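What's in input-v2.cif: mmCIF, N, CA and C atoms
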data_model
loop_
_atom_site.label_atom_id
_atom_site.label_comp_id
_atom_site.auth_asym_id
_atom_site.auth_seq_id
_atom_site.Cartn_x
_atom_site.Cartn_y
_atom_site.Cartn_z
N HIS A 1 0.81 -1.22 0.00
CA HIS A 1 0.00 0.00 0.00
C HIS A 1 0.84 1.27 0.00
N GLY A 2 2.10 1.13 -0.26
CA GLY A 2 2.94 2.32 -0.37
C GLY A 2 3.30 2.99 0.93
N LEU A 3 3.26 2.28 2.04
CA LEU A 3 3.55 2.90 3.35
C LEU A 3 4.93 2.53 3.87
N GLU A 4 5.70 1.78 3.12
CA GLU A 4 6.97 1.25 3.61
C GLU A 4 7.91 2.32 4.17
N ARG A 5 7.94 3.46 3.52
CA ARG A 5 8.87 4.49 4.00
C ARG A 5 8.38 5.18 5.27
N TYR A 6 7.14 4.95 5.64
CA TYR A 6 6.56 5.58 6.83
C TYR A 6 6.52 4.68 8.05
N VAL A 7 6.72 3.40 7.87
CA VAL A 7 6.48 2.43 8.94
C VAL A 7 7.79 1.85 9.45
N THR A 8 7.92 1.80 10.78
CA THR A 8 9.03 1.13 11.43
C THR A 8 8.45 0.09 12.37
N LEU A 9 8.84 -1.15 12.18
CA LEU A 9 8.44 -2.22 13.10
C LEU A 9 9.63 -2.44 14.01
N ALA A 10 9.60 -1.81 15.17
CA ALA A 10 10.74 -1.78 16.07
C ALA A 10 10.89 -3.05 16.91
N GLY A 11 9.85 -3.87 16.98
CA GLY A 11 9.92 -5.07 17.82
C GLY A 11 9.83 -4.71 19.28
N ALA A 12 10.04 -5.69 20.12
CA ALA A 12 9.98 -5.47 21.58
C ALA A 12 11.09 -4.50 22.00
N ARG A 13 10.72 -3.55 22.82
CA ARG A 13 11.68 -2.57 23.33
C ARG A 13 11.62 -2.58 24.85
N PRO A 14 12.73 -2.27 25.53
CA PRO A 14 12.70 -2.18 26.99
C PRO A 14 11.71 -1.12 27.45
N HIS A 15 11.04 -1.40 28.56
CA HIS A 15 10.00 -0.49 29.07
C HIS A 15 10.49 0.94 29.20
N GLY A 16 11.70 1.12 29.68
CA GLY A 16 12.24 2.47 29.88
C GLY A 16 12.41 3.26 28.60
N GLU A 17 12.50 2.56 27.45
CA GLU A 17 12.65 3.24 26.16
C GLU A 17 11.31 3.68 25.55
N LEU A 18 10.21 3.13 26.03
CA LEU A 18 8.92 3.35 25.37
C LEU A 18 8.55 4.82 25.19
N PRO A 19 8.71 5.67 26.22
CA PRO A 19 8.35 7.07 26.00
C PRO A 19 9.15 7.72 24.86
N LEU A 20 10.40 7.31 24.69
CA LEU A 20 11.21 7.85 23.59
C LEU A 20 10.65 7.41 22.24
N TRP A 21 10.25 6.15 22.13
CA TRP A 21 9.69 5.64 20.88
C TRP A 21 8.35 6.31 20.58
N TYR A 22 7.48 6.39 21.60
CA TYR A 22 6.18 7.04 21.39
C TYR A 22 6.37 8.48 20.94
N SER A 23 7.24 9.20 21.63
CA SER A 23 7.44 10.61 21.35
C SER A 23 8.05 10.85 19.97
N ALA A 24 8.90 9.93 19.52
CA ALA A 24 9.54 10.07 18.22
C ALA A 24 8.61 9.71 17.06
N ALA A 25 7.57 8.95 17.36
CA ALA A 25 6.68 8.47 16.30
C ALA A 25 5.73 9.57 15.83
N ASP A 26 5.38 9.51 14.56
CA ASP A 26 4.35 10.40 14.03
C ASP A 26 2.97 9.91 14.42
N LEU A 27 2.83 8.58 14.51
CA LEU A 27 1.57 7.93 14.86
C LEU A 27 1.86 6.68 15.65
N PHE A 28 0.89 6.27 16.46
CA PHE A 28 0.92 4.95 17.06
C PHE A 28 -0.25 4.19 16.44
N ILE A 29 0.01 2.98 15.97
CA ILE A 29 -1.02 2.21 15.26
C ILE A 29 -1.23 0.89 15.99
N LEU A 30 -2.49 0.58 16.32
CA LEU A 30 -2.85 -0.67 16.98
C LEU A 30 -4.02 -1.27 16.21
N LEU A 31 -3.75 -2.37 15.52
CA LEU A 31 -4.75 -2.99 14.66
C LEU A 31 -5.22 -4.32 15.24
N SER A 32 -5.65 -4.30 16.48
CA SER A 32 -6.09 -5.51 17.18
C SER A 32 -7.47 -5.95 16.71
N SER A 33 -7.70 -7.25 16.85
CA SER A 33 -9.05 -7.76 16.60
C SER A 33 -9.81 -7.89 17.91
N ARG A 34 -9.10 -7.98 19.03
CA ARG A 34 -9.72 -8.05 20.36
C ARG A 34 -8.83 -7.29 21.34
N GLU A 35 -9.45 -6.52 22.18
CA GLU A 35 -8.74 -5.78 23.23
C GLU A 35 -9.69 -5.56 24.39
N GLY A 36 -9.12 -5.33 25.54
CA GLY A 36 -9.90 -4.86 26.68
C GLY A 36 -9.73 -3.35 26.72
N SER A 37 -8.84 -2.93 27.60
CA SER A 37 -8.50 -1.52 27.72
C SER A 37 -6.98 -1.41 27.66
N PRO A 38 -6.43 -1.33 26.46
CA PRO A 38 -4.97 -1.38 26.32
C PRO A 38 -4.26 -0.12 26.82
N ASN A 39 -3.35 -0.31 27.77
CA ASN A 39 -2.57 0.82 28.29
C ASN A 39 -1.74 1.48 27.21
N VAL A 40 -1.34 0.71 26.22
CA VAL A 40 -0.47 1.21 25.17
C VAL A 40 -1.08 2.42 24.46
N VAL A 41 -2.39 2.46 24.32
CA VAL A 41 -3.05 3.62 23.69
C VAL A 41 -2.88 4.85 24.57
N LEU A 42 -3.13 4.70 25.86
CA LEU A 42 -2.97 5.84 26.78
C LEU A 42 -1.51 6.27 26.88
N GLU A 43 -0.60 5.31 26.87
CA GLU A 43 0.82 5.65 26.94
C GLU A 43 1.23 6.48 25.73
N SER A 44 0.76 6.09 24.56
CA SER A 44 1.06 6.84 23.36
C SER A 44 0.49 8.25 23.43
N LEU A 45 -0.79 8.34 23.81
CA LEU A 45 -1.44 9.65 23.91
C LEU A 45 -0.76 10.51 24.97
N ALA A 46 -0.30 9.91 26.06
CA ALA A 46 0.39 10.66 27.12
C ALA A 46 1.70 11.26 26.62
N CYS A 47 2.25 10.69 25.56
CA CYS A 47 3.46 11.24 24.94
C CYS A 47 3.12 12.22 23.82
N GLY A 48 1.82 12.46 23.63
CA GLY A 48 1.39 13.40 22.60
C GLY A 48 1.31 12.80 21.21
N THR A 49 1.40 11.49 21.12
CA THR A 49 1.39 10.82 19.82
C THR A 49 -0.02 10.38 19.46
N PRO A 50 -0.55 10.84 18.34
CA PRO A 50 -1.90 10.44 17.93
C PRO A 50 -1.96 8.95 17.61
N VAL A 51 -3.15 8.39 17.75
CA VAL A 51 -3.36 6.95 17.61
C VAL A 51 -4.28 6.65 16.43
N VAL A 52 -3.94 5.61 15.69
CA VAL A 52 -4.83 5.01 14.70
C VAL A 52 -5.06 3.59 15.19
N ALA A 53 -6.32 3.24 15.47
CA ALA A 53 -6.60 1.94 16.05
C ALA A 53 -7.94 1.40 15.58
N THR A 54 -8.07 0.09 15.67
CA THR A 54 -9.34 -0.55 15.38
C THR A 54 -10.29 -0.29 16.54
N GLY A 55 -11.57 -0.23 16.25
CA GLY A 55 -12.58 0.11 17.26
C GLY A 55 -13.05 -1.09 18.05
N VAL A 56 -12.14 -1.74 18.77
CA VAL A 56 -12.50 -2.90 19.59
C VAL A 56 -12.26 -2.59 21.07
N GLY A 57 -12.96 -3.32 21.95
CA GLY A 57 -12.81 -3.11 23.39
C GLY A 57 -13.10 -1.66 23.74
N SER A 58 -12.29 -1.10 24.62
CA SER A 58 -12.49 0.29 25.02
C SER A 58 -11.66 1.26 24.19
N ILE A 59 -11.03 0.78 23.13
CA ILE A 59 -10.21 1.66 22.30
C ILE A 59 -10.98 2.89 21.83
N PRO A 60 -12.23 2.77 21.36
CA PRO A 60 -12.92 3.99 20.91
C PRO A 60 -13.10 5.05 22.00
N ASP A 61 -12.99 4.66 23.27
CA ASP A 61 -13.15 5.63 24.36
C ASP A 61 -11.94 6.54 24.51
N ASP A 62 -10.75 6.03 24.20
CA ASP A 62 -9.54 6.81 24.45
C ASP A 62 -9.25 7.84 23.36
N PRO A 63 -9.15 7.45 22.10
CA PRO A 63 -8.98 8.51 21.10
C PRO A 63 -10.32 9.01 20.60
N ALA A 64 -11.33 9.09 21.48
CA ALA A 64 -12.68 9.50 21.08
C ALA A 64 -12.68 10.93 20.53
N ASP A 65 -11.85 11.78 21.08
CA ASP A 65 -11.73 13.14 20.57
C ASP A 65 -11.03 13.05 19.22
N PRO A 66 -11.64 13.58 18.16
CA PRO A 66 -11.00 13.48 16.85
C PRO A 66 -9.63 14.13 16.79
N GLY A 67 -9.30 14.95 17.77
CA GLY A 67 -7.98 15.55 17.83
C GLY A 67 -6.92 14.62 18.39
N PHE A 68 -7.34 13.42 18.82
CA PHE A 68 -6.39 12.46 19.42
C PHE A 68 -5.99 11.35 18.47
N GLY A 69 -6.74 11.15 17.41
CA GLY A 69 -6.41 10.08 16.48
C GLY A 69 -7.63 9.63 15.70
N LEU A 70 -7.51 8.45 15.10
CA LEU A 70 -8.58 7.89 14.28
C LEU A 70 -8.92 6.48 14.75
N VAL A 71 -10.21 6.18 14.81
CA VAL A 71 -10.67 4.84 15.11
C VAL A 71 -11.19 4.25 13.79
N LEU A 72 -10.61 3.14 13.38
CA LEU A 72 -10.99 2.51 12.12
C LEU A 72 -12.29 1.74 12.28
N ARG A 73 -13.14 1.80 11.28
CA ARG A 73 -14.43 1.09 11.31
C ARG A 73 -14.27 -0.40 11.11
N GLU A 74 -13.21 -0.80 10.43
CA GLU A 74 -12.99 -2.23 10.18
C GLU A 74 -11.51 -2.53 10.29
N ARG A 75 -11.23 -3.80 10.51
CA ARG A 75 -9.84 -4.25 10.61
C ARG A 75 -9.49 -4.95 9.30
N SER A 76 -8.93 -4.19 8.38
CA SER A 76 -8.51 -4.73 7.10
C SER A 76 -7.30 -3.93 6.62
N ALA A 77 -6.55 -4.51 5.71
CA ALA A 77 -5.38 -3.80 5.18
C ALA A 77 -5.79 -2.50 4.47
N PRO A 78 -6.84 -2.52 3.62
CA PRO A 78 -7.22 -1.25 2.98
C PRO A 78 -7.66 -0.19 3.99
N ALA A 79 -8.42 -0.59 5.02
CA ALA A 79 -8.86 0.38 6.03
C ALA A 79 -7.66 0.93 6.80
N ALA A 80 -6.71 0.06 7.14
CA ALA A 80 -5.52 0.50 7.86
C ALA A 80 -4.70 1.46 7.00
N ALA A 81 -4.48 1.11 5.74
CA ALA A 81 -3.70 1.98 4.86
C ALA A 81 -4.38 3.33 4.70
N SER A 82 -5.68 3.33 4.51
CA SER A 82 -6.42 4.58 4.37
C SER A 82 -6.33 5.41 5.64
N GLY A 83 -6.51 4.76 6.80
CA GLY A 83 -6.44 5.47 8.07
C GLY A 83 -5.07 6.07 8.33
N VAL A 84 -4.03 5.31 8.03
CA VAL A 84 -2.67 5.81 8.24
C VAL A 84 -2.39 6.98 7.31
N ARG A 85 -2.78 6.85 6.05
CA ARG A 85 -2.58 7.98 5.12
C ARG A 85 -3.31 9.23 5.60
N LYS A 86 -4.56 9.06 6.02
CA LYS A 86 -5.34 10.20 6.51
C LYS A 86 -4.68 10.82 7.74
N ALA A 87 -4.23 9.97 8.66
CA ALA A 87 -3.60 10.47 9.88
C ALA A 87 -2.28 11.18 9.59
N LEU A 88 -1.50 10.63 8.65
CA LEU A 88 -0.23 11.27 8.30
C LEU A 88 -0.45 12.63 7.62
N ALA A 89 -1.58 12.78 6.94
CA ALA A 89 -1.88 14.04 6.27
C ALA A 89 -2.52 15.07 7.21
N SER A 90 -2.87 14.65 8.42
CA SER A 90 -3.54 15.54 9.38
C SER A 90 -2.52 16.31 10.21
N ARG A 91 -2.98 17.43 10.73
CA ARG A 91 -2.15 18.21 11.67
C ARG A 91 -2.64 17.88 13.07
N TRP A 92 -1.75 17.42 13.91
CA TRP A 92 -2.09 17.03 15.27
C TRP A 92 -1.46 18.02 16.24
N ASP A 93 -2.20 18.40 17.25
CA ASP A 93 -1.67 19.25 18.32
C ASP A 93 -1.18 18.32 19.42
N ARG A 94 0.06 17.92 19.31
CA ARG A 94 0.63 16.94 20.24
C ARG A 94 0.62 17.44 21.69
N GLY A 95 0.80 18.72 21.89
CA GLY A 95 0.74 19.29 23.23
C GLY A 95 -0.65 19.16 23.82
N ARG A 96 -1.67 19.42 23.02
CA ARG A 96 -3.07 19.28 23.48
C ARG A 96 -3.38 17.83 23.83
N ILE A 97 -2.92 16.91 22.99
CA ILE A 97 -3.14 15.48 23.26
C ILE A 97 -2.52 15.12 24.60
N ARG A 98 -1.26 15.50 24.78
CA ARG A 98 -0.54 15.16 26.02
C ARG A 98 -1.22 15.77 27.25
N ARG A 99 -1.60 17.05 27.16
CA ARG A 99 -2.23 17.71 28.31
C ARG A 99 -3.56 17.07 28.67
N ALA A 100 -4.33 16.69 27.68
CA ALA A 100 -5.64 16.07 27.94
C ALA A 100 -5.47 14.73 28.65
N ILE A 101 -4.49 13.96 28.27
CA ILE A 101 -4.29 12.64 28.87
C ILE A 101 -3.61 12.76 30.23
N GLU A 102 -2.78 13.77 30.42
CA GLU A 102 -2.13 13.96 31.72
C GLU A 102 -3.14 14.12 32.84
N SER A 103 -4.33 14.60 32.52
CA SER A 103 -5.35 14.78 33.56
C SER A 103 -5.92 13.44 34.03
N ARG A 104 -5.60 12.36 33.36
CA ARG A 104 -6.11 11.03 33.73
C ARG A 104 -5.12 10.32 34.64
N SER A 105 -5.08 10.72 35.87
CA SER A 105 -4.16 10.09 36.82
C SER A 105 -4.75 8.77 37.31
N TRP A 106 -3.89 7.92 37.88
CA TRP A 106 -4.37 6.66 38.45
C TRP A 106 -5.34 6.93 39.58
N CYS A 107 -5.07 7.97 40.38
CA CYS A 107 -5.95 8.32 41.50
C CYS A 107 -7.33 8.72 40.99
N ARG A 108 -7.37 9.55 39.97
CA ARG A 108 -8.66 9.98 39.40
C ARG A 108 -9.42 8.78 38.80
N THR A 109 -8.70 7.91 38.12
CA THR A 109 -9.32 6.72 37.54
C THR A 109 -9.87 5.82 38.64
N ALA A 110 -9.12 5.64 39.72
CA ALA A 110 -9.58 4.81 40.83
C ALA A 110 -10.84 5.40 41.46
N ARG A 111 -10.89 6.73 41.62
CA ARG A 111 -12.09 7.38 42.16
C ARG A 111 -13.30 7.16 41.26
N ARG A 112 -13.08 7.25 39.94
CA ARG A 112 -14.17 7.04 38.99
C ARG A 112 -14.69 5.60 39.06
N ILE A 113 -13.78 4.65 39.16
CA ILE A 113 -14.18 3.24 39.26
C ILE A 113 -14.89 2.98 40.58
N ALA A 114 -14.38 3.54 41.68
CA ALA A 114 -15.02 3.38 42.98
C ALA A 114 -16.44 3.94 42.96
N SER A 115 -16.62 5.08 42.32
CA SER A 115 -17.95 5.67 42.21
C SER A 115 -18.89 4.77 41.41
N LEU A 116 -18.38 4.20 40.35
CA LEU A 116 -19.18 3.28 39.53
C LEU A 116 -19.59 2.04 40.33
N VAL A 117 -18.66 1.50 41.09
CA VAL A 117 -18.96 0.33 41.93
C VAL A 117 -20.00 0.69 42.99
N GLU A 118 -19.84 1.82 43.65
CA GLU A 118 -20.80 2.25 44.68
C GLU A 118 -22.19 2.44 44.07
N THR A 119 -22.26 3.05 42.92
CA THR A 119 -23.55 3.26 42.26
C THR A 119 -24.19 1.93 41.90
N THR A 120 -23.41 1.00 41.41
CA THR A 120 -23.90 -0.32 41.03
C THR A 120 -24.44 -1.06 42.26
N ILE A 121 -23.72 -0.98 43.38
CA ILE A 121 -24.15 -1.64 44.62
C ILE A 121 -25.46 -1.02 45.11
N GLU A 122 -25.54 0.31 45.09
CA GLU A 122 -26.76 1.00 45.50
C GLU A 122 -27.94 0.60 44.62
N GLU A 123 -27.74 0.56 43.32
CA GLU A 123 -28.83 0.18 42.41
C GLU A 123 -29.27 -1.24 42.67
N HIS A 124 -28.32 -2.14 42.91
CA HIS A 124 -28.65 -3.54 43.21
C HIS A 124 -29.41 -3.66 44.53
N ALA A 125 -28.96 -2.90 45.53
CA ALA A 125 -29.62 -2.94 46.84
C ALA A 125 -31.05 -2.41 46.77
N ASN A 126 -31.30 -1.49 45.86
CA ASN A 126 -32.62 -0.89 45.71
C ASN A 126 -33.48 -1.63 44.68
N GLY A 127 -33.03 -2.82 44.30
CA GLY A 127 -33.82 -3.64 43.37
C GLY A 127 -33.63 -3.28 41.91
N GLY A 128 -32.63 -2.47 41.59
CA GLY A 128 -32.42 -2.03 40.22
C GLY A 128 -31.60 -2.92 39.43
#
Produce structure tokens that represent the structure in this file.
Amino acid sequence: HGLERYVTLAGARPHGELPLWYSAADLFILLSSREGSPNVVLESLACGTPVVATGVGSIPDDPADPGFGLVLRERSAPAAASGVRKALASRWDRGRIRRAIESRSWCRTARRIASLVETTIEEHANGG
């Protein structure tokens, strides 16, 4: 699909190097067929790197803002090539991406999950 000059398959990298790789990349691409909530998407966004990913699991929740990346409607080579081309042609505000994700601390996430659990327990206790 003519993307060879744009793509680097770096293979497994030591954890300490990951922020350097994310920050150096123009895009982070995840073409999974199944996912839960992959940290790799948030790690990329936290480095200001836009994401192109398939819309599986909770992936559509993270780059939901169109300024953060693209969620592909299907997992196919043509869809991936089209998405990557579109993303490479887009202007991304990497600082905005990074700042938006920085607000998602582990503490804030834990509070949100605790609130969800409490609400669920209350609804169950009230017959809901």
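Interatomic distance, CA of Pro14 (chain A) to CA of Pro50 (chain A): 21.3 Å.
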So that I can check the surroundings of Ala81 (chain A), please list as a list of chain:residue names every protein, DNA and RNA residue that reaches within 8 Å of it, counting only N, CA and C atoms and ignoring chain neighbours fewer than 6 positions away. A:His1, A:Gly2, A:Leu3, A:Ala87
Can I get the selected residues back with N, CA and C atoms, as an mmCIF file, in the frame of the given file?
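File selection-v3.cif, as written:
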data_model
loop_
_atom_site.group_PDB
_atom_site.id
_atom_site.type_symbol
_atom_site.label_atom_id
_atom_site.label_comp_id
_atom_site.auth_asym_id
_atom_site.auth_seq_id
_atom_site.Cartn_x
_atom_site.Cartn_y
_atom_site.Cartn_z
ATOM 1 N N HIS A 1 0.810 -1.220 0.000
ATOM 2 C CA HIS A 1 0.000 0.000 0.000
ATOM 3 C C HIS A 1 0.840 1.270 0.000
ATOM 4 N N GLY A 2 2.100 1.130 -0.260
ATOM 5 C CA GLY A 2 2.940 2.320 -0.370
ATOM 6 C C GLY A 2 3.300 2.990 0.930
ATOM 7 N N LEU A 3 3.260 2.280 2.040
ATOM 8 C CA LEU A 3 3.550 2.900 3.350
ATOM 9 C C LEU A 3 4.930 2.530 3.870
ATOM 10 N N ALA A 87 -4.230 9.970 8.660
ATOM 11 C CA ALA A 87 -3.600 10.470 9.880
ATOM 12 C C ALA A 87 -2.280 11.180 9.590
#
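One finds CA of Arg96 (chain A) at 23.6 Å from CA of Gly16 (chain A).
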Who sits within 12 Å of Val56 (chain A), only C-alpha atoms, same chain under 5 positions skipped, as a ChimeraX atom specification: /A:30-38,61-62,71-75
Between atom C of Glu118 (chain A) and atom C of Leu45 (chain A), what is the spacing in Å? 29.8 Å
Please list as a PyMOL selection string every residue within 12 Å of Arg85 (chain A), counting only C-alpha atoms and excluding residues in the same chain fewer than 3 positions away. chain A and resi 1-4+6-7+26-27+29+52+70+78-82+88-90
Wanna dump the region 21-85 of chain A-region 97-108 of chain A contacts at 7 Å for me, each residue with its shortest atom pair and the distance in Å to one decimal, counting only N, CA and C atoms, ordered by chain and number, as a Markdown table?
| residue | atom | partner | partner_atom | distance |
| --- | --- | --- | --- | --- |
| A:Leu45 | C | A:Arg98 | CA | 4.8 |
| A:Ala46 | C | A:Arg98 | CA | 4.5 |
| A:Cys47 | C | A:Arg98 | CA | 5.2 |
| A:Gly48 | CA | A:Arg98 | N | 4.0 |
| A:Thr49 | N | A:Arg98 | N | 6.0 |
| A:Gly67 | C | A:Ile97 | CA | 6.2 |
| A:Phe68 | CA | A:Ile97 | CA | 5.9 |
How would the residues just chosen look if you wrote them out with N, CA and C atoms as a PDB file, keeping the file's coordinate frame?
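Full text of part-v7.pdb as output:
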ATOM      1  N   LEU A  45      -0.790   8.340  23.810  1.00  0.00           N
ATOM      2  CA  LEU A  45      -1.440   9.650  23.910  1.00  0.00           C
ATOM      3  C   LEU A  45      -0.760  10.510  24.970  1.00  0.00           C
ATOM      4  N   ALA A  46      -0.300   9.910  26.060  1.00  0.00           N
ATOM      5  CA  ALA A  46       0.390  10.660  27.120  1.00  0.00           C
ATOM      6  C   ALA A  46       1.700  11.260  26.620  1.00  0.00           C
ATOM      7  N   CYS A  47       2.250  10.690  25.560  1.00  0.00           N
ATOM      8  CA  CYS A  47       3.460  11.240  24.940  1.00  0.00           C
ATOM      9  C   CYS A  47       3.120  12.220  23.820  1.00  0.00           C
ATOM     10  N   GLY A  48       1.820  12.460  23.630  1.00  0.00           N
ATOM     11  CA  GLY A  48       1.390  13.400  22.600  1.00  0.00           C
ATOM     12  C   GLY A  48       1.310  12.800  21.210  1.00  0.00           C
ATOM     13  N   THR A  49       1.400  11.490  21.120  1.00  0.00           N
ATOM     14  CA  THR A  49       1.390  10.820  19.820  1.00  0.00           C
ATOM     15  C   THR A  49      -0.020  10.380  19.460  1.00  0.00           C
ATOM     16  N   GLY A  67      -9.300  14.950  17.770  1.00  0.00           N
ATOM     17  CA  GLY A  67      -7.980  15.550  17.830  1.00  0.00           C
ATOM     18  C   GLY A  67      -6.920  14.620  18.390  1.00  0.00           C
ATOM     19  N   PHE A  68      -7.340  13.420  18.820  1.00  0.00           N
ATOM     20  CA  PHE A  68      -6.390  12.460  19.420  1.00  0.00           C
ATOM     21  C   PHE A  68      -5.990  11.350  18.470  1.00  0.00           C
TER      22      PHE A  68
END
Would you give me, as an MDAnalysis selection string, the residues in chain A that DSSP reads as alpha helix (DSSP H)? chainID A and resid 18:24 39:46 77:89 94:102 106:125
When you count only C-alpha atoms, which of these residues is closest to Ile59 (chain A): A:Ala77, A:Leu9, A:Val40, A:Leu18?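 Using only C-alpha atoms, the shortest distance to Ile59 (chain A) belongs to A:Val40.
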Nearest residue to Gly83 (chain A) from the set A:Ala24, A:Ile121, A:Ala53, A:Ala12 (distances using all atoms listed in the file):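 Ranking A:Ala24, A:Ile121, A:Ala53, A:Ala12 by distance to Gly83 (chain A), first place goes to A:Ala53.
Distances to Ser23 (chain A) were evaluated for A:Asn126, A:Val51, A:Ala10, A:Glu43 using all atoms listed in the file, and the minimum falls at A:Glu43.
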